[in-house]
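> The structure under discussion is supplied below as structure tokens; questions concerning it will follow.
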Amino acid sequence: MELSSGFYGRSNPHMLSTSGGKAMGKLIEATHEPAGVEINMKPVLDIVEDIFERATPAAPGAIMQVDASESDERALHYSSLEQMMDVLSATINRISCEITYRLSIGEDAHSTTLAVAQIVKGYSWDAKIVLALAAFAMTYGEFLLVVQLYATNPLAKDVALLKQLPEILTRADLLKPKFDILANLINAMVVVAKCTVEFKGLPSKYIRPEDPELSSANADIPSAVYWTIRSTVICSSQIMGLINMGHEFLSSTTDAWELSSLTHNINSIYNDLVEKLNRCRQRINERKDIEAFETLVRLFDAIHIDNMKILKALIYAKDDQPPLWDGTTKQRVSIELLRRRSVLLLISDLEISERELIILEQIYNESRVQPTRIESQYEVIWIPIVDRSTTFDDTKRKQFESLQAMMPWYSVGHPSMIQPAVMRYIKEVWGFNKKPLLVVLDPQGRVANPNAMPMMFIWGSMAFPFSKLREEALWKEETWRIELLADSIDPSIINWLTDRKFICLYGGEDMNWIRKFTTTAKAVAKTANIELEMLYVGKSNPRERVRRNMTNIELENLSHTLSDISLIWFFWVRLESMWHSRAQHGVTVRNDLIMQEILTMLGFDGSDQGWAVISRGANEMARAKAETFLKSLEEYTAWEAAAAEKGFIPALNDHFRSLRTEHHCNRLTLPGISVAEIGSIKDTVVCVDCGKPMGALLMFRCCTD
């Protein structure tokens with residue numbers, strides 16, 4: 001049979017250009033007359049893809065092995081398609097016959113493509129592509145079935161003989177390169193088909209045809225349909241060429257450029273479509289996140305009989321695995337264990353400090369010693385907030401697992417269980433911004449406190465149930481005394497209080513001043529015949545210098561030190577927590593003695609020099625900066641008589657006042673305050689010496705010590 005060049009349907013270069021491709025799309029669009037019948041083409045495409053995968057040419061006669069379980073699974077899949085194929089098989093056969101006939105009479109690929117388009121004019125865009133691919137898959141599969149079986153199966157051998165295939169089947173060296181080029185084009189067509197099927201399956205609830213992401217893709221899909229159908233025509237011509245021309249066609253390289261050009265064109269169409277598909281997915285996810293966020297808002301506004309709906313909305317359980325990790329038993333557990341329990345959500349990123357975890361762990365473990373106590377009736381879940389715009393790589397995974405291993409309480413099994421809408425709620429409603437939060441949910445899932453971290457640091461588990469009402473009640477019981485300031489950082493303080501000893505806390509980094517101060521204080525205590533205990537509490541964010549000071553103080557037996565440097569950090573973070581807690585209740589320096597003393601202590605820490613506070617019992621306390629305190633002790637003889645008359649601490653306070661001048665410079669550092677919050681608090685922060693509002697400065701600091 002004489003085959004004209006039109007048989008191969010060689011493409012005009014202009015047709016492959018963008019403008020040419022659009023023009024071809026317009027031709028297909030003109031034939032589009034949808035019948036309004038919706039068919040899910042994905043199952044058909046799955047079968048088509050399976051045919052292409054299984055028909056991959058191996059050595060002639062090689063048999064592909066399929067295990068029994070896979071065979072059973074596919075049999076089930078096929079049986080579910082039977083009803084659909086009753087509808088589609090006639091169309092698929094008609095397309096196959098149309099292509100075979102038109103190519104056999106030498107009609108060009110373009111005309112054949114338009115003829116196929118007429119056959120599928122009543123179908124949706126994705127169905128047009130899948131049906132054309134299915135028609136070619138039959139031709140391709142039948143041909144490759146003979147190739148695979150002819151050496152071992154008499155029936156296949158007879159068919160191969162009638163098709164004049166034995167000669168080309170002996171030339172595997174030439175057969176493979178031809179099919180490799182063909183396979184590249186087939187793979188390109190399959191991914192374009194998948195893309196169009198996925199466009200069809202996009203949920204109309206979240207994306208509409210008029211949305212720019214989808215309307216742009218819809219404008220390009222007719223062109224994709226044209227070029228995919230045309231490619232099936234070209235591929236079919238290749239198979240027919242092998243059958244009709246045999247070895248002569250096999251050794252020809254004339255059509256390699258055509259197939260490569262088509263493959264490049266189809267891949268370009270795919271890249272463009274998949275980019276637009278990703279934009280559609282992004283828009284869908286954005287709208288789903290908005291819907292999920294609004295649902296979460298409504299959920300928290302509603303009344304519930306327990307906390308299950310809230311917890312399940314916050315923690316997305318996937319793969320039917322229990323969503324929580326129990327830090328004590330080291331295994332996955334069900335969220336049902338927390339039904340009708342008070343739950344504290346520890347919310348942080350992966351940069352939460354080890355110091356915070358150590359203190360929280362100590363408080364948590366103390367509450368577990370007597371689990372039946374009312375103060376122990378709560379559970380903690382760690383909610384890690386991980387930025388989804390960056391990859392959760394191996395480094396982050398190890399960081400997450402390392403933190404999780406430190407926690408004796410519950411945590412989510414994986415950061416991905418915290419969905420974007422939940423992260424948005426946590427940031428926008430609860431105000432999370434890097435600084436850890438401890439959100440309290442009562443047994444019904446209501447927010448009892450959007451951040452109980454200050455309460456936890458100030459009172460520990462005694463603050464249960466960590467509500468705002470409980471916080472107010474605890475503050476009403478408090479006065480400014482050494483127990484509030486420091487009793488939780490060292491157990492010795494309770495014993496000193498019981499023994500009615502004078503207790504002196506002091507801090508700073510200047511070791512020379514520390515030596516002078518402690519030596520002078522001991523000497524004055526001996527002269528005044530008072531029992532004095534001194535404890536070094538360093539400076540907030542303690543670094544190497546404070547650590548060295550602790551070592552020197554112990555070696556020189558200057559005073560007591562805390563057992564761990566993290567307790568120094570805890571001393572100062574408790575003070576900051578007191579300030580945050582009081583400020584949340586509208587308390588200011590002008591109307592509250594406790595707030596005045598808290599800010600005085602924080603001001604001491606913000607200065608470059610040391611400081612000290614001395615106390616005895618519940619009502620006597622004196623404090624001053626390094627120079628004032630040391631000078632007063634050195635001048636003890638000047639107020640010794642007053643000390644004997646009034647008492648040591650009242651006389652010391654009088655002497656502090658006598659040394660005070662109008663000139664002073666107080667600095668106050670309030671960690672955890674954002675730039676946006678400065679405006680709302682600046683009028684409430686006044687100088688403890690003169691009562692004037694303090695000026696606000698924004699400071700950036702990097703301390704490597």
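By order in the structure tokens, chains are A, B, ...; within a chain, residues start at 1; ligands start at 1, following the order shown.
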If you run DSSP on the backbone, which residues of region 290-520 of chain A are helix (DSSP H, G or I), as JSON, numbers by chain?

{"A": [290, 291, 292, 293, 294, 295, 296, 297, 298, 299, 300, 301, 308, 309, 310, 311, 312, 313, 314, 335, 336, 337, 338, 354, 355, 356, 357, 358, 359, 360, 361, 362, 363, 364, 365, 366, 367, 368, 369, 374, 375, 376, 394, 395, 396, 397, 398, 399, 400, 401, 402, 403, 404, 405, 406, 415, 416, 417, 420, 421, 422, 423, 424, 425, 426, 427, 428, 453, 454, 455, 456, 457, 458, 459, 460, 461, 462, 463, 468, 469, 470, 471, 472, 473, 474, 475, 476, 477, 482, 483, 484, 485, 486, 492, 493, 494, 495, 496, 497, 498, 511, 512, 513, 514, 515, 516, 517, 518, 519, 520]}

> Identify all residues of region 518-570 of chain A in strand (DSSP E or B) (DSSP on the backbone) and supply them as a ChimeraX atom specification.

/A:532-536,560-561

> May I have the residues within 8 Å of Leu532 (chain A) as a short mmCIF file (atom, residue, chain, number, x, y, z; two decimals) with N, CA and C atoms, in the first residue's frame, using only C-alpha atoms and disregarding those fewer than 4 positions away in the same chain?


```cif
data_model
loop_
_atom_site.label_atom_id
_atom_site.label_comp_id
_atom_site.auth_asym_id
_atom_site.auth_seq_id
_atom_site.Cartn_x
_atom_site.Cartn_y
_atom_site.Cartn_z
N LYS A 501 13.70 35.26 110.02
CA LYS A 501 14.99 35.82 109.65
C LYS A 501 14.79 36.98 108.68
N PHE A 502 15.80 37.85 108.59
CA PHE A 502 15.83 38.88 107.56
C PHE A 502 16.30 38.22 106.27
N ILE A 503 15.59 38.52 105.19
CA ILE A 503 15.91 37.91 103.88
C ILE A 503 16.30 39.02 102.93
N CYS A 504 17.46 38.86 102.30
CA CYS A 504 17.93 39.85 101.34
C CYS A 504 18.13 39.20 99.97
N LYS A 522 26.90 41.55 105.82
CA LYS A 522 27.14 40.59 106.91
C LYS A 522 27.66 41.29 108.16
N ALA A 525 24.82 43.22 109.80
CA ALA A 525 23.90 42.28 110.45
C ALA A 525 24.46 41.80 111.78
#
```

> Quick one: everything within 10 Å of Met84 (chain A), counting only C-alpha atoms, minus sequence neighbours fewer than 3 positions away in the same chain. Send it as a list in words.

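Listed by chain and then number, they are Ile39, Asn40, Met41, Pro43, Val44, Ser79, Ser80, Leu81, Val87, Leu88 and Ser89 of chain A.
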
> Would you mind telling me which residue in A:Asp289, A:Glu401, A:Glu483, A:Asp86 lies nearest to Trp325 (chain A) when using only C-alpha atoms?

A:Glu401

> Excluding Pro212 (chain A) and residues on its chain fewer than 4 positions from it, collect all residues at most 10 Å away from it, counting only C-alpha atoms, and give them as a list in words.

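Surrounding residues, per the criterion: Ile207, Arg208, Ser216, Ala217, Asn218, Lys276, Arg279 and Cys280 of chain A.
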
> Excluding same-chain residues fewer than 4 positions from region 426-439 of chain A, what lies within 6 Å of it counting only C-alpha atoms, as a list in words?

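In the requested format, the answer is Leu344, Leu345, Leu346, Ile347, Ser348, Asn449, Pro450, Asn451, Ala452 and Met453 of chain A.
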
> What's around Glu634 (chain A) at 9 Å? Count only C-alpha atoms, leave out sequence neighbours fewer than 6 positions away in its own chain, and write the answer as a list in words.

Thr520, Ala521 and Val524 of chain A

> Choose the residue, out of A:Ala127, A:Ala109, A:Leu133, A:Leu149, that has the smallest atom-to-atom separation from Val37 (chain A); count only C-alpha atoms.

A:Ala127

> Go through A:Gly25, A:Gly327, A:Gly507, A:Pro34 one by one, measure the shortest atom-to-atom distance of each to Ile221 (chain A) using only C-alpha atoms, and give the residue with the smallest value.

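The closest residue to Ile221 (chain A) is A:Gly25.
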
> Go through A:Thr498, A:Gln609, A:Thr295, A:Ser615 one by one, measure the shortest atom-to-atom distance of each to Leu535 (chain A) using only C-alpha atoms, and give the residue with the smallest value.

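Ranked by minimum distance to Leu535 (chain A), first place goes to A:Ser615.
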
> Between A:Glu142, A:Glu375, A:Asp490, A:Glu361, which is the closest to Ser342 (chain A) once you count only C-alpha atoms?

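With only C-alpha atoms as the atom set, the closest residue is A:Glu375.
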
> Find, counting only C-alpha atoms, the residue in A:Arg281, A:Arg515, A:His580, A:Arg616 that gets nearest to Leu558 (chain A).

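Ranking A:Arg281, A:Arg515, A:His580, A:Arg616 by distance to Leu558 (chain A), first place goes to A:Arg515.
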